[in-house]
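See below for the structure under consideration.
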Amino acid sequence: MEIINSKHPGIARIEKQVDSAISNINAINSMQKISLLNERYYSGSELCSIFHFSSRALQNYRDEGIIPYTMIGSKILYRESDINEILEKNYHQ
């Protein structure tokens, strides 16, 4: 019967694999944080101005779940990538 302790070659190999996995996870997390920081958010008035619809229409789109939004306190923001996705999904030739 073999006794396995922290000096066993198999344990060292597993530790390297775990360290590599942790490094990969950290790299992915860093990329996600960077993409969040680079994301543009629009206010309701900006969206209304860009798309020429009323604030009431925008509220209806929120209420009906058509346009996703983020709410911080009483401030409502709309992520640019979500708006682009909606536009692409609803594009008709």
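In the structure tokens, chains take letters A, B, ... by order of appearance, with residues numbered from 1 within each chain and ligands from 1 in the order shown.
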Margin query: Neighbouring residues of range 62-78 of chain A were defined as those with any atom within 8 Å, considering only C-alpha atoms; residues of the same chain fewer than 6 positions away were excluded. Please report them as a ChimeraX atom specification.
Written below: /A:41-44,86
Quick one: write out the picked residues with N, CA and C atoms as a compact mmCIF listing (two decimals), in the first residue's frame?
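Written output follows (part29.txt):
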```
# COMPACT_ATOMS: atom_id res chain seq x y z
N TYR A 41 -23.71 52.67 -21.94
CA TYR A 41 -25.07 52.69 -21.43
C TYR A 41 -25.75 53.99 -21.85
N TYR A 42 -27.02 53.88 -22.23
CA TYR A 42 -27.81 55.04 -22.63
C TYR A 42 -28.83 55.37 -21.56
N SER A 43 -29.10 56.65 -21.41
CA SER A 43 -30.22 57.06 -20.56
C SER A 43 -31.49 56.96 -21.39
N GLY A 44 -32.62 57.06 -20.72
CA GLY A 44 -33.90 57.02 -21.43
C GLY A 44 -34.04 58.15 -22.42
N ILE A 86 -31.45 43.70 -30.00
CA ILE A 86 -32.87 43.85 -30.33
C ILE A 86 -33.02 44.31 -31.78
```
Next item on the list: Taking the chain letters and numbering used in this document, name the residues of chain A that DSSP puts in strand (DSSP E or B), as a list in words.
Entry: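 The strand (DSSP E or B) residues within chain A come out as Tyr41, Tyr42, Ser43, Thr70, Met71, Ile72, Lys75, Ile76, Leu77, Tyr78 and Arg79 of chain A.
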Notebook entry, point to check: CA of Ile83 in chain A and CA of Ala27 in chain A are how many Å apart?
Noted result: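 Answer for the CA of Ile83 in chain A to CA of Ala27 in chain A separation: 27.4 Å.
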Next item on the list: Would you please give, as number ranges by chain, all residues of chain A that DSSP assigns to helix (DSSP H, G or I) based on the backbone?
Entry: A: 9-38, 44-51, 55-63, 80-89
Could those selected residues go to a file with C-alpha atoms, as a PDB file, in the first residue's frame?
```pdb
ATOM      1  CA  PRO A   9       4.597  13.347  -7.945  1.00  0.00           C
ATOM      2  CA  GLY A  10       0.899  12.825  -8.691  1.00  0.00           C
ATOM      3  CA  ILE A  11      -0.075  15.499  -6.153  1.00  0.00           C
ATOM      4  CA  ALA A  12       2.400  17.947  -7.670  1.00  0.00           C
ATOM      5  CA  ARG A  13       0.862  17.334 -11.107  1.00  0.00           C
ATOM      6  CA  ILE A  14      -2.655  17.927  -9.737  1.00  0.00           C
ATOM      7  CA  GLU A  15      -1.498  21.120  -8.020  1.00  0.00           C
ATOM      8  CA  LYS A  16      -0.094  22.384 -11.353  1.00  0.00           C
ATOM      9  CA  GLN A  17      -3.410  21.617 -13.080  1.00  0.00           C
ATOM     10  CA  VAL A  18      -5.392  23.393 -10.361  1.00  0.00           C
ATOM     11  CA  ASP A  19      -3.058  26.419 -10.538  1.00  0.00           C
ATOM     12  CA  SER A  20      -3.475  26.489 -14.320  1.00  0.00           C
ATOM     13  CA  ALA A  21      -7.268  26.284 -14.014  1.00  0.00           C
ATOM     14  CA  ILE A  22      -7.273  29.126 -11.466  1.00  0.00           C
ATOM     15  CA  SER A  23      -5.132  31.243 -13.795  1.00  0.00           C
ATOM     16  CA  ASN A  24      -7.550  30.589 -16.668  1.00  0.00           C
ATOM     17  CA  ILE A  25     -10.542  31.510 -14.518  1.00  0.00           C
ATOM     18  CA  ASN A  26      -8.841  34.719 -13.395  1.00  0.00           C
ATOM     19  CA  ALA A  27      -8.042  35.619 -17.010  1.00  0.00           C
ATOM     20  CA  ILE A  28     -11.671  35.060 -18.046  1.00  0.00           C
ATOM     21  CA  ASN A  29     -12.905  37.155 -15.110  1.00  0.00           C
ATOM     22  CA  SER A  30     -10.526  39.963 -16.094  1.00  0.00           C
ATOM     23  CA  MET A  31     -11.783  39.914 -19.689  1.00  0.00           C
ATOM     24  CA  GLN A  32     -15.390  40.066 -18.505  1.00  0.00           C
ATOM     25  CA  LYS A  33     -14.609  43.027 -16.249  1.00  0.00           C
ATOM     26  CA  ILE A  34     -12.913  44.835 -19.123  1.00  0.00           C
ATOM     27  CA  SER A  35     -15.873  44.225 -21.435  1.00  0.00           C
ATOM     28  CA  LEU A  36     -18.251  45.560 -18.760  1.00  0.00           C
ATOM     29  CA  LEU A  37     -16.134  48.680 -18.362  1.00  0.00           C
ATOM     30  CA  ASN A  38     -16.106  49.231 -22.126  1.00  0.00           C
ATOM     31  CA  GLY A  44     -33.899  57.018 -21.427  1.00  0.00           C
ATOM     32  CA  SER A  45     -33.746  60.490 -22.919  1.00  0.00           C
ATOM     33  CA  GLU A  46     -30.814  59.469 -25.139  1.00  0.00           C
ATOM     34  CA  LEU A  47     -32.738  56.455 -26.461  1.00  0.00           C
ATOM     35  CA  CYS A  48     -35.843  58.538 -27.071  1.00  0.00           C
ATOM     36  CA  SER A  49     -33.760  61.069 -28.970  1.00  0.00           C
ATOM     37  CA  ILE A  50     -31.924  58.447 -31.050  1.00  0.00           C
ATOM     38  CA  PHE A  51     -35.012  56.453 -32.011  1.00  0.00           C
ATOM     39  CA  SER A  55     -40.703  58.387 -22.940  1.00  0.00           C
ATOM     40  CA  ARG A  56     -44.103  56.690 -22.527  1.00  0.00           C
ATOM     41  CA  ALA A  57     -43.336  54.354 -25.433  1.00  0.00           C
ATOM     42  CA  LEU A  58     -39.986  53.541 -23.824  1.00  0.00           C
ATOM     43  CA  GLN A  59     -41.746  52.772 -20.544  1.00  0.00           C
ATOM     44  CA  ASN A  60     -44.154  50.464 -22.400  1.00  0.00           C
ATOM     45  CA  TYR A  61     -41.198  48.643 -23.990  1.00  0.00           C
ATOM     46  CA  ARG A  62     -39.698  48.169 -20.513  1.00  0.00           C
ATOM     47  CA  ASP A  63     -42.994  47.028 -19.007  1.00  0.00           C
ATOM     48  CA  GLU A  80     -25.856  49.381 -25.938  1.00  0.00           C
ATOM     49  CA  SER A  81     -25.228  45.700 -26.690  1.00  0.00           C
ATOM     50  CA  ASP A  82     -28.817  44.866 -25.641  1.00  0.00           C
ATOM     51  CA  ILE A  83     -30.190  47.568 -27.952  1.00  0.00           C
ATOM     52  CA  ASN A  84     -28.027  46.310 -30.839  1.00  0.00           C
ATOM     53  CA  GLU A  85     -29.214  42.758 -30.213  1.00  0.00           C
ATOM     54  CA  ILE A  86     -32.866  43.854 -30.332  1.00  0.00           C
ATOM     55  CA  LEU A  87     -32.256  45.751 -33.566  1.00  0.00           C
ATOM     56  CA  GLU A  88     -30.535  42.746 -35.175  1.00  0.00           C
ATOM     57  CA  LYS A  89     -33.227  40.333 -34.009  1.00  0.00           C
TER      58      LYS A  89
END
```
